[in-house]
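Visitor: Input: one structure, supplied below.
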Amino acid sequence: MTKQPAASVPPSTDGISVGYVSDDPTATEIPEALEGANDRLTVESISDDTALERVRTNRIECLVGRTTADDPHRYPLLDRVREEDPRLPVFLVTDGWDEAAASAALEAGATGCLAESSAVHGTRLATRIERAVEQITRGNEREATLERITGAFVSIDADWEYTYVNEQASDLLERPRDALIGASVQSVFPEIVDSEIEHQLETALEEQLPVTFTEYFTPLERWLEIRAYPSEDGLSIFFTDVTDRIRAEAELEANVAALQTLYDVSTRTDASLDEKLPALLDLGCDYLELPDGFLTRINLDERTQTVVESRSDHPLLQAGESCPLAEAYCRKTIKTHELVTVANAPDEGWTGDPAYELFELGSYVGAKVTVDGAIWGTLCFASREPRGGSGFSEAERSLVKLMAKWVSYETEREQSRETLERQNDRLQAFTSVVSHDLRNPLNVAQGSLTLAREGDRSQLAECEAALERMEQLIDELLSLAEQGATTADLEPVSVQDCATKAWSMVDTGDAALDLEAAPWIRADPDRLQQLLENLFRNALDHGVPEDGTSAELAVSVGTCENGFYVADTGAGIPDDVRETIFDIGVTTDEDGTGFGLGIVERVADAHDWDLEATASEAGGARFELTGVARSHDGR
């Protein structure tokens, strides 16, 4: 094992300690000559063992030893001294002079080699001792200065070999000093060959001009700011790890770009929410570097999750795909005011969870979407792979929150706009009826009343009939207006019980009502009863043959897929009015108002149900209401 060099004792300006090793400890000629030539030198004659002890304890600054000219490179003490301190000045004095012998001494590690005839005069050897010690001292002081540098620092020579590496540089380059000193930069880091870093450093050496640049250092996967100062011997290079700064700048730039894109998408006036959603999901996926982005609709009554919009190749995250809420990550998202983030699902305990078993998502971030303060759905981004690094940053979390808030606002605004449009349509229909349908019986009543005043009393019956007609129109108009409310107050309702009450409120004659296992649903009971009353009246008004009786008519209420139906055995719906049957004022009965089915449609709209008119199995009319939230026995 190679020993670390011992630090030499810094000399005082008053003296330099020198050890003189000789086979004859009584020989004083050379020590006296040295002290006489330079009053800074204090020379002590010592043995080999004492010399080694003084070197180990840093109590000697130079060593002078005697040897023979025929075999100086085998001087045993020199080898042992060099193991303890490679830099300690060691001079050999030979009994004669030989050029080959001097070269061999230097190769063996000696600082210098002199003939005894030269050493006994003292001056030459004393001068060389003083210079050697001062050079070591200056080197120690330079190294101490470099070690005090807080940043990483290395020096390389003209051959690109490391000549100095401080502790900070060793840590930054992830290499021990021993592995760097004396090695070439290219051998330690082959990736630097023909890189921008190599080109910059070559320019500094060739042009003898300092350079400062920032570059990505591939071997360490770090960004480094490099300052290189050239000299004739090589380069002094300072390194600063700026990876965090570069990443922060890149993150800030990405944040600004994402916010700008979100602003551009959200302020488009030429696009609906449905048209903006793909761009929003693209933004989230690109910004978060996650491949799956999707918007879901949550049905709390049925406890289901359905994907509404998607940017994903995951087969279970396509638009229209549905699953029980208990098997979805979103079941946790809707229970918190904050985001739900999963950076590494297996490491965070999701293994064995129904959502992980079904979707196998390694990472996930989701925020809830609310409309009018109630849960509407979730906005989510995910990947089948776990997310690297430290999970989701605060900026990423904030953007997902912002996007979910925007979707909530846009969904609420879209629903409000649709409701307002429906209300405007109803108002226009109401105005049309008031201006047209009420005018007809009013004209009849006014004309009959005029004739009656002139003496034709028979016209009073016509006037009374016209007024009754107006009363009927007004009642149904008021009912129609009441159904223009935007939403319904939902509670568990038995369709069977509600149908029974509605049947009792209608003059059904001898017609029969068949309740075929009608379901429990969530609805506004008063509005549901009015819907059923109007469907029953429609069946009685249009289903009984002109020459028949109500006894020939049967009305049934039952369960259909995702809802319920009302059907009859009457004459059915004529083809020429099938497309307009729910329009206000459309009727095939000359005594009808054309409001009944319009009221049915508005009740369905208020519940967000789908309404369709078809033919029943018996050839009569069948009205199906779907998209209905089920309830179970009043729960």
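Following the order of the structure tokens, first chain is A, next is B, and so on, with residues numbered from 1 inside each chain and ligands from 1 in the order they appear.
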Would you kindly return, as a PyMOL selection string, each protein, DNA or RNA residue with an atom no farther than 6 Å from any atom of Leu34 in chain A, considering only C-alpha atoms and excluding same-chain residues fewer than 2 positions away?
Guide: chain A and resi 31-32+36-37+122+126
Visitor: Could you dump the residues just selected with C-alpha atoms as a PDB file, in the first residue's frame?
Guide:
```pdb
ATOM      1  CA  PRO A  31      28.231  19.666   8.759  1.00  0.00           C
ATOM      2  CA  GLU A  32      30.630  22.404   9.847  1.00  0.00           C
ATOM      3  CA  GLY A  36      29.643  28.029   8.042  1.00  0.00           C
ATOM      4  CA  ALA A  37      28.341  28.686   4.545  1.00  0.00           C
ATOM      5  CA  GLY A 122      29.841  24.048   1.922  1.00  0.00           C
ATOM      6  CA  ALA A 126      24.130  24.925   1.359  1.00  0.00           C
TER       7      ALA A 126
END
```
Visitor: Among range 110-327 of chain A, which ones does DSSP place in strand (DSSP E or B), written as number ranges by chain?
Guide: A: 112-115, 152-157, 161-165, 181, 184, 211-217, 222-230, 234-241, 292-299, 304-311, 322-324
Visitor: Can you pull out every residue within 9 Å of range 357-365 of chain A, counting only C-alpha atoms, but drop anything in the same chain fewer than 6 positions away, and send it as a VMD selection string?
Guide: chain A and resid 290 314 316 to 317 327 to 329 333 339 to 346 350 to 351 379 to 387 391 to 392 397 400
Visitor: When you look at Val43 in chain A with a cut-off of 7 Å (counting only C-alpha atoms), what residues show up, excluding the ones that are within fewer than 3 positions of it in the same chain? I need them as a ChimeraX atom specification.
Guide: /A:17-20,31,35
Visitor: Atoms to include: C-alpha atoms. Write the selected residues as a compact mmCIF listing (two decimals), in the first residue's frame.
Guide:
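The result, written out as out-v2.txt:
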```
# COMPACT_ATOMS: atom_id res chain seq x y z
CA SER A 17 16.99 21.75 10.14
CA VAL A 18 19.30 19.36 8.25
CA GLY A 19 20.14 15.78 9.12
CA TYR A 20 23.59 14.45 8.11
CA PRO A 31 28.23 19.67 8.76
CA GLU A 35 26.72 25.77 8.88
```
Visitor: When you draw a straight line from CA of Trp97 in chain A to CA of Val120 in chain A, how long is it in Å?
Guide: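 It comes out at 13.9 Å.
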Visitor: What's around range 406-408 of chain A at 6 Å? Count only C-alpha atoms, leave out sequence neighbours fewer than 4 positions away in its own chain, and write the answer as JSON, numbers by chain.
Guide: {"A": [369, 370, 371]}
Visitor: Store the residues picked out above in a file with all heavy atoms, as a CSV table (one decimal), in the first residue's frame.
Guide:
```csv
chain,number,residue,atom,x,y,z
A,369,VAL,N,-63.1,17.4,-10.4
A,369,VAL,CA,-63.8,18.5,-11.2
A,369,VAL,C,-65.2,18.6,-10.5
A,369,VAL,O,-65.9,17.6,-10.3
A,369,VAL,CB,-64.0,18.1,-12.6
A,369,VAL,CG1,-64.9,19.1,-13.4
A,369,VAL,CG2,-62.6,17.9,-13.3
A,370,THR,N,-65.6,19.8,-10.2
A,370,THR,CA,-66.9,20.1,-9.5
A,370,THR,C,-67.7,21.0,-10.3
A,370,THR,O,-67.2,21.9,-11.0
A,370,THR,CB,-66.6,20.7,-8.1
A,370,THR,OG1,-65.9,21.9,-8.2
A,370,THR,CG2,-65.8,19.7,-7.2
A,371,VAL,N,-69.0,20.8,-10.2
A,371,VAL,CA,-70.0,21.7,-10.9
A,371,VAL,C,-71.0,22.1,-9.9
A,371,VAL,O,-71.6,21.2,-9.3
A,371,VAL,CB,-70.6,21.0,-12.1
A,371,VAL,CG1,-71.7,21.9,-12.7
A,371,VAL,CG2,-69.5,20.8,-13.2
```
Visitor: When you look at range 488-494 of chain A with a cut-off of 6 Å (counting only C-alpha atoms), what residues show up, excluding the ones that are within fewer than 4 positions of it in the same chain? I need them as a PyMOL selection string.
Guide: chain A and resi 520-524+606-607+631+634
Visitor: I need the residues from that last selection saved to file as an mmCIF file, in the first residue's frame (with N, CA, C and O atoms), if you can.
Guide:
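Output file out19.cif is given in full below:
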```
data_model
loop_
_atom_site.group_PDB
_atom_site.id
_atom_site.type_symbol
_atom_site.label_atom_id
_atom_site.label_comp_id
_atom_site.auth_asym_id
_atom_site.auth_seq_id
_atom_site.Cartn_x
_atom_site.Cartn_y
_atom_site.Cartn_z
ATOM 1 N N TRP A 520 -87.093 1.543 -8.706
ATOM 2 C CA TRP A 520 -86.811 2.681 -7.835
ATOM 3 C C TRP A 520 -85.750 3.535 -8.521
ATOM 4 O O TRP A 520 -84.752 3.004 -9.024
ATOM 5 N N ILE A 521 -85.964 4.840 -8.548
ATOM 6 C CA ILE A 521 -85.007 5.737 -9.200
ATOM 7 C C ILE A 521 -84.783 6.962 -8.319
ATOM 8 O O ILE A 521 -85.482 7.157 -7.314
ATOM 9 N N ARG A 522 -83.818 7.776 -8.703
ATOM 10 C CA ARG A 522 -83.613 9.063 -8.041
ATOM 11 C C ARG A 522 -84.245 10.132 -8.920
ATOM 12 O O ARG A 522 -83.856 10.319 -10.077
ATOM 13 N N ALA A 523 -85.249 10.843 -8.380
ATOM 14 C CA ALA A 523 -85.997 11.828 -9.165
ATOM 15 C C ALA A 523 -86.691 12.803 -8.227
ATOM 16 O O ALA A 523 -86.744 12.608 -7.014
ATOM 17 N N ASP A 524 -87.224 13.872 -8.841
ATOM 18 C CA ASP A 524 -88.096 14.809 -8.117
ATOM 19 C C ASP A 524 -89.496 14.206 -8.179
ATOM 20 O O ASP A 524 -90.087 14.099 -9.270
ATOM 21 N N ALA A 606 -84.849 18.443 -17.089
ATOM 22 C CA ALA A 606 -84.502 18.887 -15.740
ATOM 23 C C ALA A 606 -83.795 17.787 -14.955
ATOM 24 O O ALA A 606 -82.997 18.058 -14.059
ATOM 25 N N HIS A 607 -84.085 16.516 -15.294
ATOM 26 C CA HIS A 607 -83.427 15.385 -14.634
ATOM 27 C C HIS A 607 -82.186 14.911 -15.400
ATOM 28 O O HIS A 607 -81.513 13.977 -14.954
ATOM 29 N N SER A 631 -82.037 3.836 -7.790
ATOM 30 C CA SER A 631 -81.957 3.797 -6.341
ATOM 31 C C SER A 631 -82.427 2.422 -5.928
ATOM 32 O O SER A 631 -83.131 1.740 -6.674
ATOM 33 N N GLY A 634 -85.414 2.669 -1.904
ATOM 34 C CA GLY A 634 -85.502 3.883 -1.110
ATOM 35 C C GLY A 634 -84.189 4.374 -0.569
ATOM 36 O O GLY A 634 -84.153 5.362 0.154
#
```
Visitor: Please identify all polymer residues within 12 Å of Ala33 in chain A, counting only C-alpha atoms, omitting same-chain residues fewer than 6 positions from it, and present them as a PyMOL selection string.
Guide: chain A and resi 20+27+39+41-43+116-127
Visitor: Return as a PyMOL selection string the full set of residues in range 191-285 of chain A whose backbone-based DSSP assignment is helix (DSSP H, G or I).
Guide: chain A and resi 191-192+196-207+218-220+243-266+273-285
Visitor: Between CA of Val81 in chain A and CA of Thr111 in chain A, what is the distance in Å, rounded to a tenth?
Guide: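 CA of Val81 in chain A sits 12.1 Å away from CA of Thr111 in chain A.
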